[in-house]
>>> print(open('protein.cif').read())   # mmCIF, C-alpha atoms
data_entry
loop_
_atom_site.label_atom_id
_atom_site.label_comp_id
_atom_site.auth_asym_id
_atom_site.auth_seq_id
_atom_site.Cartn_x
_atom_site.Cartn_y
_atom_site.Cartn_z
CA MET A 286 -15.22 -19.57 -4.84
CA ASP A 287 -12.99 -18.51 -1.97
CA ILE A 288 -13.71 -14.77 -1.79
CA LEU A 289 -17.44 -15.56 -1.54
CA LYS A 290 -17.02 -18.27 1.09
CA GLN A 291 -14.83 -15.96 3.19
CA MET A 292 -17.43 -13.22 2.95
CA ILE A 293 -20.18 -15.65 3.96
CA LEU A 294 -18.13 -16.76 6.99
CA ASN A 295 -17.12 -13.23 7.98
CA LYS A 296 -20.32 -11.32 7.26
CA GLY A 297 -23.13 -13.88 6.96
CA ARG A 298 -25.42 -14.48 9.88
CA VAL A 299 -27.30 -17.70 10.59
CA VAL A 300 -30.90 -16.70 11.38
CA ASN A 301 -32.06 -20.28 11.91
CA GLU A 302 -31.39 -23.77 10.47
CA ASP A 303 -32.90 -22.70 7.13
CA ILE A 304 -32.04 -19.03 6.74
CA LEU A 305 -28.67 -17.39 6.13
CA LYS A 306 -28.66 -13.60 6.20
CA VAL A 307 -26.24 -12.14 3.66
CA ASP A 308 -27.77 -8.72 3.26
CA SER A 309 -24.53 -6.87 4.01
CA PHE A 310 -22.94 -7.89 0.69
CA LEU A 311 -25.46 -9.67 -1.58
CA ASN A 312 -29.14 -8.84 -1.03
CA HIS A 313 -29.62 -5.39 0.43
CA GLN A 314 -26.16 -3.82 0.52
CA VAL A 315 -24.25 -5.19 -2.48
CA ASP A 316 -20.45 -5.49 -2.77
CA TYR A 317 -19.48 -4.26 -6.26
CA HIS A 318 -16.14 -6.09 -6.23
CA LEU A 319 -17.75 -9.39 -5.30
CA MET A 320 -20.30 -8.92 -8.12
CA LYS A 321 -17.48 -8.44 -10.65
CA GLU A 322 -15.68 -11.54 -9.40
CA ILE A 323 -18.92 -13.52 -9.60
CA GLY A 324 -19.41 -12.36 -13.20
CA SER A 325 -15.89 -13.54 -14.11
CA GLU A 326 -16.34 -16.86 -12.34
CA PHE A 327 -19.61 -17.67 -14.12
CA PHE A 328 -18.06 -16.62 -17.44
CA ASN A 329 -15.08 -18.93 -16.93
CA TYR A 330 -17.31 -21.84 -16.03
CA PHE A 331 -19.93 -21.42 -18.76
CA LYS A 332 -17.87 -19.90 -21.59
CA LYS A 333 -17.94 -23.12 -23.63
CA TYR A 334 -21.74 -23.28 -23.54
CA ASN A 335 -22.40 -20.72 -26.33
CA ILE A 336 -24.56 -18.53 -24.09
CA THR A 337 -26.70 -16.01 -26.02
CA LYS A 338 -28.54 -14.42 -23.08
CA VAL A 339 -28.37 -14.25 -19.28
CA PHE A 340 -31.71 -14.49 -17.49
CA THR A 341 -32.43 -13.67 -13.86
CA ILE A 342 -35.42 -13.29 -11.57
CA GLU A 343 -36.02 -9.89 -9.99
CA SER A 344 -34.56 -8.59 -7.86
CA SER A 345 -31.56 -9.96 -5.92
CA GLY A 346 -30.20 -11.79 -8.96
CA ILE A 347 -29.92 -8.63 -11.08
CA ALA A 348 -26.53 -7.41 -9.82
CA PRO A 349 -24.64 -10.70 -10.33
CA ALA A 350 -26.55 -11.29 -13.60
CA ILE A 351 -25.64 -7.95 -15.23
CA MET A 352 -21.97 -8.51 -14.32
CA THR A 353 -22.17 -11.99 -15.88
CA ALA A 354 -23.94 -10.69 -19.01
CA SER A 355 -21.25 -8.04 -19.26
CA GLU A 356 -18.52 -10.72 -19.32
CA PHE A 357 -20.39 -12.71 -21.99
CA LYS A 358 -21.23 -9.50 -23.91
CA VAL A 359 -24.86 -10.62 -24.24
CA PRO A 360 -28.16 -9.06 -23.09
CA MET A 361 -29.56 -9.74 -19.63
CA VAL A 362 -33.29 -10.40 -19.26
CA ILE A 363 -35.07 -9.81 -15.94
CA LEU A 364 -37.98 -12.18 -15.36
CA LYS A 365 -40.63 -10.08 -13.64
CA LYS A 366 -42.64 -11.12 -10.61
CA GLN A 367 -45.70 -9.34 -11.97
CA LYS A 368 -46.77 -8.22 -15.43
CA PRO A 369 -45.46 -4.72 -16.19
CA ASN A 370 -48.29 -2.43 -17.31
CA THR A 371 -46.42 -1.66 -20.54
CA LEU A 372 -46.61 -5.33 -21.48
CA ASP A 373 -49.71 -6.13 -23.50
CA THR A 374 -50.66 -9.64 -24.58
CA ASN A 375 -47.37 -10.87 -25.91
CA PHE A 376 -45.90 -12.72 -22.90
CA TYR A 377 -45.26 -16.05 -21.21
CA GLN A 378 -46.27 -16.48 -17.59
CA THR A 379 -46.04 -19.22 -14.95
CA PRO A 380 -47.02 -19.26 -11.26
CA VAL A 381 -44.18 -19.66 -8.76
CA LYS A 382 -44.43 -20.38 -5.05
CA SER A 383 -42.12 -18.38 -2.79
CA PHE A 384 -41.32 -20.37 0.36
CA THR A 385 -39.49 -17.48 2.04
CA LYS A 386 -42.37 -15.07 1.54
CA GLN A 387 -45.13 -17.71 1.78
CA SER A 388 -46.81 -16.33 -1.33
CA MET A 389 -47.30 -16.91 -5.05
CA TYR A 390 -46.24 -14.72 -7.94
CA ASN A 391 -46.60 -14.89 -11.71
CA LEU A 392 -43.17 -15.05 -13.31
CA THR A 393 -43.47 -13.07 -16.55
CA LEU A 394 -41.42 -12.86 -19.75
CA SER A 395 -42.15 -10.86 -22.89
CA LYS A 396 -42.08 -13.02 -26.01
CA ASP A 397 -39.96 -10.30 -27.64
CA TYR A 398 -36.84 -11.19 -25.64
CA ILE A 399 -36.52 -14.89 -26.29
CA SER A 400 -36.26 -17.01 -29.43
CA GLU A 401 -35.86 -20.68 -30.30
CA ASN A 402 -32.18 -20.07 -31.04
CA ASP A 403 -31.37 -18.79 -27.57
CA ARG A 404 -29.03 -20.69 -25.26
CA ILE A 405 -29.75 -19.21 -21.88
CA LEU A 406 -27.76 -19.03 -18.66
CA ILE A 407 -30.01 -18.54 -15.63
CA ILE A 408 -28.35 -16.63 -12.76
CA ASP A 409 -29.83 -16.30 -9.28
CA ASP A 410 -28.62 -15.32 -5.83
CA PHE A 411 -30.00 -18.35 -3.95
CA LEU A 412 -31.02 -21.91 -4.73
CA ALA A 413 -33.19 -23.44 -2.01
CA ASN A 414 -36.35 -25.29 -2.98
CA GLY A 415 -35.76 -24.60 -6.65
CA GLU A 416 -39.19 -23.09 -7.30
CA ALA A 417 -37.87 -19.90 -8.94
CA ALA A 418 -35.40 -21.84 -11.10
CA LYS A 419 -38.13 -24.29 -12.15
CA GLY A 420 -40.36 -21.36 -13.11
CA ALA A 421 -37.60 -19.76 -15.18
CA ILE A 422 -36.86 -23.09 -16.90
CA LYS A 423 -40.54 -23.55 -17.71
CA LEU A 424 -40.81 -20.10 -19.35
CA ILE A 425 -37.61 -20.62 -21.36
CA GLU A 426 -38.57 -24.09 -22.56
CA ASN A 427 -42.13 -23.01 -23.37
CA ALA A 428 -40.53 -20.53 -25.74
CA GLY A 429 -38.57 -23.35 -27.40
CA ALA A 430 -35.22 -22.01 -26.16
CA CYS A 431 -32.51 -24.01 -24.39
CA VAL A 432 -31.46 -23.71 -20.75
CA ALA A 433 -27.71 -24.01 -21.29
CA GLY A 434 -26.82 -23.67 -17.62
CA ILE A 435 -27.80 -22.42 -14.18
CA GLY A 436 -25.41 -20.31 -12.10
CA ILE A 437 -26.20 -19.87 -8.41
CA VAL A 438 -24.38 -17.63 -5.96
CA ILE A 439 -25.35 -19.48 -2.76
CA GLU A 440 -26.87 -22.95 -2.77
CA LYS A 441 -28.52 -24.32 0.33
CA SER A 442 -27.65 -27.92 -0.51
CA PHE A 443 -29.72 -29.29 2.37
CA GLN A 444 -32.90 -28.09 0.63
CA PRO A 445 -34.28 -29.96 -2.41
CA GLY A 446 -33.57 -27.49 -5.28
CA ARG A 447 -30.15 -28.77 -6.31
CA GLU A 448 -31.18 -32.40 -6.42
CA ILE A 449 -34.29 -31.59 -8.47
CA LEU A 450 -32.23 -29.69 -11.06
CA ASP A 451 -29.50 -32.36 -11.14
CA LYS A 452 -32.04 -35.12 -11.67
CA ALA A 453 -33.66 -33.16 -14.51
CA GLY A 454 -30.25 -33.06 -16.19
CA TYR A 455 -29.42 -29.34 -15.98
CA VAL A 456 -25.85 -28.06 -15.61
CA VAL A 457 -25.80 -26.27 -12.26
CA TYR A 458 -22.78 -24.37 -10.94
CA SER A 459 -23.08 -22.94 -7.43
CA LEU A 460 -20.33 -20.66 -6.15
CA ALA A 461 -20.91 -21.61 -2.52
CA ARG A 462 -22.68 -24.80 -1.45
CA ILE A 463 -23.94 -24.86 2.11
CA ASN A 464 -24.29 -28.27 3.65
CA SER A 465 -25.81 -27.17 6.94
CA LEU A 466 -26.71 -24.15 9.07
CA LYS A 467 -27.32 -26.24 12.19
CA ASN A 468 -26.09 -25.14 15.64
CA ASN A 469 -25.57 -21.61 14.35
CA LYS A 470 -22.64 -22.85 12.21
CA ILE A 471 -22.11 -22.43 8.46
CA GLU A 472 -20.80 -25.68 6.98
CA PHE A 473 -19.82 -25.80 3.29
CA ILE A 474 -19.70 -28.78 0.93
CA ASP A 475 -16.04 -29.41 -0.16
CA MET B 151 -25.95 11.13 -23.33
CA ASP B 152 -26.00 10.37 -27.04
CA ILE B 153 -25.87 6.55 -26.99
CA LEU B 154 -28.89 6.52 -24.67
CA LYS B 155 -30.88 9.05 -26.72
CA GLN B 156 -30.19 7.08 -29.89
CA MET B 157 -31.35 3.89 -28.20
CA ILE B 158 -34.52 5.61 -26.98
CA LEU B 159 -35.24 6.88 -30.51
CA ASN B 160 -34.43 3.56 -32.19
CA LYS B 161 -35.89 1.09 -29.70
CA GLY B 162 -38.24 3.04 -27.43
CA ARG B 163 -41.98 2.91 -28.05
CA VAL B 164 -44.46 5.61 -27.10
CA VAL B 165 -47.39 3.85 -25.42
CA ASN B 166 -49.30 7.06 -24.76
CA GLU B 167 -48.60 10.71 -23.85
CA ASP B 168 -47.28 9.63 -20.45
CA ILE B 169 -45.64 6.25 -20.99
CA LEU B 170 -42.46 5.39 -22.88
CA LYS B 171 -41.73 1.69 -23.23
CA VAL B 172 -37.99 0.97 -23.04
CA ASP B 173 -38.13 -2.65 -22.01
CA SER B 174 -35.90 -3.83 -24.85
CA PHE B 175 -32.76 -2.26 -23.31
CA LEU B 176 -33.47 -0.87 -19.83
CA ASN B 177 -36.33 -2.47 -17.88
CA HIS B 178 -36.92 -6.05 -18.94
CA GLN B 179 -34.16 -6.88 -21.40
CA VAL B 180 -31.07 -4.91 -20.31
CA ASP B 181 -28.21 -3.83 -22.57
CA TYR B 182 -24.94 -4.55 -20.69
CA HIS B 183 -22.91 -2.08 -22.76
CA LEU B 184 -25.38 0.74 -22.14
CA MET B 185 -25.28 -0.02 -18.40
CA LYS B 186 -21.47 0.29 -18.39
CA GLU B 187 -21.63 3.58 -20.27
CA ILE B 188 -24.25 4.85 -17.83
CA GLY B 189 -22.00 3.91 -14.89
CA SER B 190 -19.09 5.86 -16.45
CA GLU B 191 -21.26 8.85 -17.21
CA PHE B 192 -22.63 9.12 -13.66
CA PHE B 193 -19.12 8.68 -12.28
CA ASN B 194 -17.76 11.50 -14.43
CA TYR B 195 -20.56 13.83 -13.42
CA PHE B 196 -20.57 13.10 -9.69
CA LYS B 197 -16.91 12.23 -9.04
CA LYS B 198 -16.26 15.52 -7.20
CA TYR B 199 -19.11 14.90 -4.78
CA ASN B 200 -17.25 12.48 -2.45
CA ILE B 201 -19.83 9.74 -2.87
CA THR B 202 -19.60 6.99 -0.22
CA LYS B 203 -22.56 4.83 -1.33
CA VAL B 204 -24.89 4.39 -4.31
CA PHE B 205 -28.55 3.80 -3.43
CA THR B 206 -31.28 2.56 -5.74
CA ILE B 207 -34.87 1.40 -5.52
CA GLU B 208 -35.65 -2.16 -6.55
CA SER B 209 -35.71 -3.31 -9.22
CA SER B 210 -35.10 -1.51 -12.55
CA GLY B 211 -32.49 0.81 -11.01
CA ILE B 212 -30.25 -2.04 -9.88
CA ALA B 213 -28.36 -2.65 -13.14
CA PRO B 214 -27.34 0.99 -13.74
CA ALA B 215 -26.69 1.44 -9.99
CA ILE B 216 -24.28 -1.51 -9.63
CA MET B 217 -22.33 -0.28 -12.67
CA THR B 218 -22.16 3.20 -11.11
CA ALA B 219 -21.12 1.81 -7.70
CA SER B 220 -18.47 -0.20 -9.50
CA GLU B 221 -16.99 2.98 -11.03
CA PHE B 222 -17.00 4.75 -7.65
CA LYS B 223 -15.69 1.60 -5.91
CA VAL B 224 -18.34 1.97 -3.19
CA PRO B 225 -21.16 -0.32 -2.00
CA MET B 226 -24.59 -0.23 -3.62
CA VAL B 227 -27.66 -0.38 -1.38
CA ILE B 228 -31.02 -1.59 -2.75
CA LEU B 229 -34.00 0.09 -1.08
CA LYS B 230 -36.62 -2.64 -0.78
CA LYS B 231 -40.29 -2.29 -1.64
CA GLN B 232 -41.23 -4.56 1.25
CA LYS B 233 -39.50 -5.59 4.45
CA PRO B 234 -37.34 -8.68 3.89
CA ASN B 235 -38.17 -11.39 6.41
CA THR B 236 -34.53 -11.51 7.54
CA LEU B 237 -34.79 -7.88 8.67
CA ASP B 238 -35.90 -7.60 12.29
CA THR B 239 -36.61 -4.27 13.97
CA ASN B 240 -33.60 -2.30 12.91
CA PHE B 241 -34.89 -0.43 9.84
CA TYR B 242 -36.22 2.82 8.40
CA GLN B 243 -39.43 2.74 6.39
CA THR B 244 -41.54 5.25 4.48
CA PRO B 245 -44.70 4.81 2.36
CA VAL B 246 -44.37 5.57 -1.36
CA LYS B 247 -47.14 5.93 -3.90
CA SER B 248 -46.54 4.27 -7.28
CA PHE B 249 -48.43 6.12 -10.01
CA THR B 250 -47.60 3.55 -12.69
CA LYS B 251 -48.86 0.65 -10.61
CA GLN B 252 -51.58 2.63 -8.78
CA SER B 253 -50.47 1.21 -5.44
CA MET B 254 -48.50 1.96 -2.28
CA TYR B 255 -45.37 0.26 -0.99
CA ASN B 256 -43.20 0.67 2.08
CA LEU B 257 -39.69 1.65 1.03
CA THR B 258 -37.38 -0.09 3.49
CA LEU B 259 -33.74 0.39 4.53
CA SER B 260 -31.80 -1.47 7.21
CA LYS B 261 -30.13 0.91 9.68
CA ASP B 262 -26.96 -1.17 9.28
CA TYR B 263 -26.21 0.17 5.80
CA ILE B 264 -26.31 3.90 6.37
CA SER B 265 -24.49 6.27 8.71
CA GLU B 266 -24.39 10.02 9.38
CA ASN B 267 -21.11 10.24 7.48
CA ASP B 268 -22.54 8.86 4.23
CA ARG B 269 -22.76 11.02 1.11
CA ILE B 270 -25.21 9.15 -1.06
CA LEU B 271 -25.83 9.13 -4.80
CA ILE B 272 -29.37 7.94 -5.62
CA ILE B 273 -29.65 6.20 -9.01
CA ASP B 274 -32.94 5.30 -10.66
CA ASP B 275 -34.14 4.33 -14.12
CA PHE B 276 -36.99 6.85 -14.39
CA LEU B 277 -37.95 10.18 -12.84
CA ALA B 278 -41.63 11.00 -13.35
CA ASN B 279 -43.66 12.24 -10.38
CA GLY B 280 -40.67 11.98 -8.08
CA GLU B 281 -42.43 9.85 -5.47
CA ALA B 282 -39.75 7.14 -5.36
CA ALA B 283 -36.92 9.70 -5.21
CA LYS B 284 -38.71 11.61 -2.43
CA GLY B 285 -39.10 8.36 -0.47
CA ALA B 286 -35.41 7.53 -0.87
CA ILE B 287 -34.42 11.07 0.20
CA LYS B 288 -36.64 10.84 3.27
CA LEU B 289 -35.06 7.55 4.39
CA ILE B 290 -31.53 8.88 3.82
CA GLU B 291 -32.15 12.17 5.62
CA ASN B 292 -33.97 10.43 8.50
CA ALA B 293 -30.73 8.53 9.03
CA GLY B 294 -28.81 11.82 9.20
CA ALA B 295 -26.92 11.09 5.97
CA CYS B 296 -26.53 13.46 3.01
CA VAL B 297 -28.11 13.11 -0.43
CA ALA B 298 -25.09 14.20 -2.47
CA GLY B 299 -26.80 13.76 -5.83
CA ILE B 300 -29.51 12.08 -7.85
CA GLY B 301 -28.73 10.34 -11.14
CA ILE B 302 -31.63 9.46 -13.43
CA VAL B 303 -31.45 7.46 -16.64
CA ILE B 304 -34.64 8.82 -18.25
CA GLU B 305 -36.44 11.89 -16.98
CA LYS B 306 -39.97 12.65 -18.10
CA SER B 307 -39.52 16.40 -17.75
CA PHE B 308 -43.21 17.07 -18.44
CA GLN B 309 -44.11 15.39 -15.15
CA PRO B 310 -43.51 17.18 -11.82
CA GLY B 311 -40.59 15.15 -10.32
CA ARG B 312 -37.69 17.18 -11.71
CA GLU B 313 -39.11 20.50 -10.65
CA ILE B 314 -39.85 19.24 -7.14
CA LEU B 315 -36.26 18.01 -6.70
CA ASP B 316 -34.77 21.18 -8.22
CA LYS B 317 -36.82 23.41 -5.93
CA ALA B 318 -35.75 21.38 -2.91
CA GLY B 319 -32.14 22.11 -3.90
CA TYR B 320 -30.91 18.66 -4.91
CA VAL B 321 -28.32 18.11 -7.63
CA VAL B 322 -30.12 16.09 -10.31
CA TYR B 323 -28.40 14.76 -13.43
CA SER B 324 -30.64 13.01 -15.98
CA LEU B 325 -29.01 11.27 -18.93
CA ALA B 326 -32.02 11.78 -21.19
CA ARG B 327 -34.65 14.46 -20.57
CA ILE B 328 -37.92 13.98 -22.39
CA ASN B 329 -39.89 17.10 -23.06
CA SER B 330 -42.93 15.44 -24.61
CA LEU B 331 -44.36 12.16 -25.85
CA LYS B 332 -47.28 13.82 -27.63
CA ASN B 333 -48.42 12.75 -31.11
CA ASN B 334 -46.48 9.50 -30.76
CA LYS B 335 -43.20 11.46 -30.98
CA ILE B 336 -40.27 11.47 -28.55
CA GLU B 337 -39.01 15.02 -28.06
CA PHE B 338 -35.89 15.65 -25.92
CA ILE B 339 -34.88 18.76 -24.00
CA ASP B 340 -31.61 20.20 -25.50
#
>>> encode(input="protein.cif", output="structure tokens")
Amino acid sequence: MDILKQMILNKGRVVNEDILKVDSFLNHQVDYHLMKEIGSEFFNYFKKYNITKVFTIESSGIAPAIMTASEFKVPMVILKKQKPNTLDTNFYQTPVKSFTKQSMYNLTLSKDYISENDRILIIDDFLANGEAAKGAIKLIENAGACVAGIGIVIEKSFQPGREILDKAGYVVYSLARINSLKNNKIEFID
Amino acid sequence: MDILKQMILNKGRVVNEDILKVDSFLNHQVDYHLMKEIGSEFFNYFKKYNITKVFTIESSGIAPAIMTASEFKVPMVILKKQKPNTLDTNFYQTPVKSFTKQSMYNLTLSKDYISENDRILIIDDFLANGEAAKGAIKLIENAGACVAGIGIVIEKSFQPGREILDKAGYVVYSLARINSLKNNKIEFID
């Protein structure tokens, strides 16, 4: 997706070989126009997959996910990183390891917002080690629903997440695939 | 805002005198159409205020805030509840007490995404005790920028937040104002 790649090149900053800082347009300050374009792009790619709901993990995936849900005209569901205190006993939960924050959290989903008939598109801002995506997949499949696709804004292809998801047979579409951040240089795949 | 009030009456659930559960359309599962309508409504109310940026607090404010930013055609900024590890020394921070979660967090804003010329619209899902809004105001005013308005999706008018913000002279527009949740009944103001 050219507009995204240009923004990454113009505004992204390589922190080290593993970390790309994109907080001027994706994570902290968010570009509304880019979010709309991302929503359209995911819709065009996944429109044949009969998506019934868009799922994301709080919180940086919410903006691209609501724009995507809006294109599909389906609800968005935010997987929570801790159990909301209004949620009683009726939920699924799975532990997820965050490499960036060096911590664990319990990804949480109310049973009310998923059914066996759902075909779910997971949207997230980054794919790195794939831990968050694996957690989301586990919750969705525990509920008997289908992961119809996974849409990623920025994939760090040099980390294991993409390969894990490919090998498990999921349809993954990443809008920008980064091959390397070595020598302070952003190198894309393709 | 009628569509919102109807949704609160039809789908909201009174947990107790203080807590309204709206996680089927606002907090956990999110209704894309409602978010768009909310964005339009805030735009219509605040369009004369020369808004340059929309700020929100992660994470339930993000969906209505990006739709609002999209109407204004301005960036959205997400105030973080903890310092991202890509953020070095260049940030503002203020402690905020969360009554719902009975905990404290450090509301964090990079200095890169605010300037003295900014006229900021704060958007959040709930206004209760006003602690989150006060934290956001403090960060914005510390940076020398102007809080041009505060847009709230659901205001619990029986809690002190609204009065505190009114007395301090801020322009607050709440799309649904709840007078009481007593006796398991949702009662609006107006």
>>> closest_atom_pairs(input="protein.cif", of="chain B", to="chain A", cutoff="8 Å", atoms="all atoms listed in the file", output="tab-separated table")
residue	atom	partner	partner_atom	distance
B:Val165	CA	A:Thr371	CA	7.4
B:Ile169	CA	A:Thr371	CA	8.0
B:Lys171	CA	A:Thr371	CA	6.4
B:Ser174	CA	A:Tyr398	CA	7.5
B:Asn177	CA	A:Ile363	CA	7.7
B:His178	CA	A:Ile363	CA	5.2
B:Gln179	CA	A:Val362	CA	4.2
B:Val180	CA	A:Met361	CA	5.1
B:Asp181	CA	A:Pro360	CA	5.3
B:Tyr182	CA	A:Ser355	CA	5.3
B:His183	CA	A:Ser355	CA	7.1
B:Glu208	CA	A:Ser344	CA	6.7
B:Ser209	CA	A:Ser344	CA	5.6
B:Ile212	CA	A:Ala348	CA	6.5
B:Ala213	CA	A:Ala348	CA	6.1
B:Ile216	CA	A:Ala348	CA	6.3
B:Ala219	CA	A:Tyr317	CA	6.5
B:Ser220	CA	A:Tyr317	CA	5.3
B:Lys223	CA	A:Tyr317	CA	7.0
B:Val224	CA	A:Tyr317	CA	7.0
B:Pro225	CA	A:Asp316	CA	5.3
B:Met226	CA	A:Val315	CA	5.1
B:Val227	CA	A:Gln314	CA	4.2
B:Ile228	CA	A:His313	CA	5.1
B:Leu229	CA	A:His313	CA	7.2
B:Lys230	CA	A:His313	CA	7.6
B:Asn235	CA	A:Lys386	CA	7.4
B:Thr236	CA	A:Lys306	CA	6.4
B:Thr250	CA	A:Asn370	CA	7.6
B:Lys251	CA	A:Asn370	CA	7.4
B:Tyr263	CA	A:Gln314	CA	6.6
>>> closest_residue(input="protein.cif", among="B:Thr239, B:Asn333, B:Asn267, B:Asn279", to="Asn200 (chain B)", atoms="only C-alpha atoms")
B:Asn267
>>> atom_distance(input="protein.cif", atom1="CA of Tyr199 (chain B)", atom2="CA of Gly299 (chain B)")
7.8 Å
>>> atom_distance(input="protein.cif", atom1="CA of Glu401 (chain A)", atom2="CA of Pro445 (chain A)")
29.4 Å
>>> closest_residue(input="protein.cif", among="B:Phe276, B:Phe241, B:Phe249, B:Phe193", to="Ser324 (chain B)", atoms="all atoms listed in the file")
B:Phe276
>>> build_atoms(input="protein.cif", residues="region 434-445 of chain A", atoms="N, CA, C and O atoms", output="mmCIF file, keeping the file's coordinate frame")
data_model
loop_
_atom_site.group_PDB
_atom_site.id
_atom_site.type_symbol
_atom_site.label_atom_id
_atom_site.label_comp_id
_atom_site.auth_asym_id
_atom_site.auth_seq_id
_atom_site.Cartn_x
_atom_site.Cartn_y
_atom_site.Cartn_z
ATOM 1 N N GLY A 434 -27.451 -23.509 -18.924
ATOM 2 C CA GLY A 434 -26.820 -23.670 -17.620
ATOM 3 C C GLY A 434 -27.519 -22.832 -16.571
ATOM 4 O O GLY A 434 -28.323 -21.944 -16.898
ATOM 5 N N ILE A 435 -27.220 -23.156 -15.309
ATOM 6 C CA ILE A 435 -27.800 -22.420 -14.180
ATOM 7 C C ILE A 435 -26.659 -22.073 -13.232
ATOM 8 O O ILE A 435 -25.952 -22.971 -12.751
ATOM 9 N N GLY A 436 -26.470 -20.776 -12.994
ATOM 10 C CA GLY A 436 -25.410 -20.310 -12.100
ATOM 11 C C GLY A 436 -26.027 -19.727 -10.838
ATOM 12 O O GLY A 436 -26.859 -18.827 -10.909
ATOM 13 N N ILE A 437 -25.623 -20.258 -9.693
ATOM 14 C CA ILE A 437 -26.200 -19.870 -8.410
ATOM 15 C C ILE A 437 -25.104 -19.279 -7.525
ATOM 16 O O ILE A 437 -23.996 -19.835 -7.477
ATOM 17 N N VAL A 438 -25.396 -18.191 -6.846
ATOM 18 C CA VAL A 438 -24.380 -17.630 -5.960
ATOM 19 C C VAL A 438 -24.277 -18.486 -4.694
ATOM 20 O O VAL A 438 -23.213 -19.016 -4.384
ATOM 21 N N ILE A 439 -25.380 -18.671 -3.984
ATOM 22 C CA ILE A 439 -25.350 -19.480 -2.760
ATOM 23 C C ILE A 439 -26.418 -20.572 -2.842
ATOM 24 O O ILE A 439 -27.602 -20.280 -3.007
ATOM 25 N N GLU A 440 -25.956 -21.802 -2.737
ATOM 26 C CA GLU A 440 -26.870 -22.950 -2.770
ATOM 27 C C GLU A 440 -27.022 -23.501 -1.357
ATOM 28 O O GLU A 440 -26.030 -23.788 -0.680
ATOM 29 N N LYS A 441 -28.278 -23.640 -0.930
ATOM 30 C CA LYS A 441 -28.520 -24.320 0.330
ATOM 31 C C LYS A 441 -28.740 -25.796 -0.015
ATOM 32 O O LYS A 441 -29.852 -26.220 -0.334
ATOM 33 N N SER A 442 -27.659 -26.549 0.024
ATOM 34 C CA SER A 442 -27.650 -27.920 -0.510
ATOM 35 C C SER A 442 -28.518 -28.862 0.303
ATOM 36 O O SER A 442 -28.866 -29.951 -0.165
ATOM 37 N N PHE A 443 -28.874 -28.442 1.523
ATOM 38 C CA PHE A 443 -29.720 -29.290 2.370
ATOM 39 C C PHE A 443 -31.200 -29.120 2.038
ATOM 40 O O PHE A 443 -32.046 -29.803 2.605
ATOM 41 N N GLN A 444 -31.515 -28.240 1.108
ATOM 42 C CA GLN A 444 -32.900 -28.090 0.630
ATOM 43 C C GLN A 444 -32.979 -28.718 -0.771
ATOM 44 O O GLN A 444 -31.953 -28.949 -1.409
ATOM 45 N N PRO A 445 -34.183 -29.034 -1.261
ATOM 46 C CA PRO A 445 -34.280 -29.960 -2.410
ATOM 47 C C PRO A 445 -33.928 -29.400 -3.800
ATOM 48 O O PRO A 445 -33.803 -30.176 -4.750
#
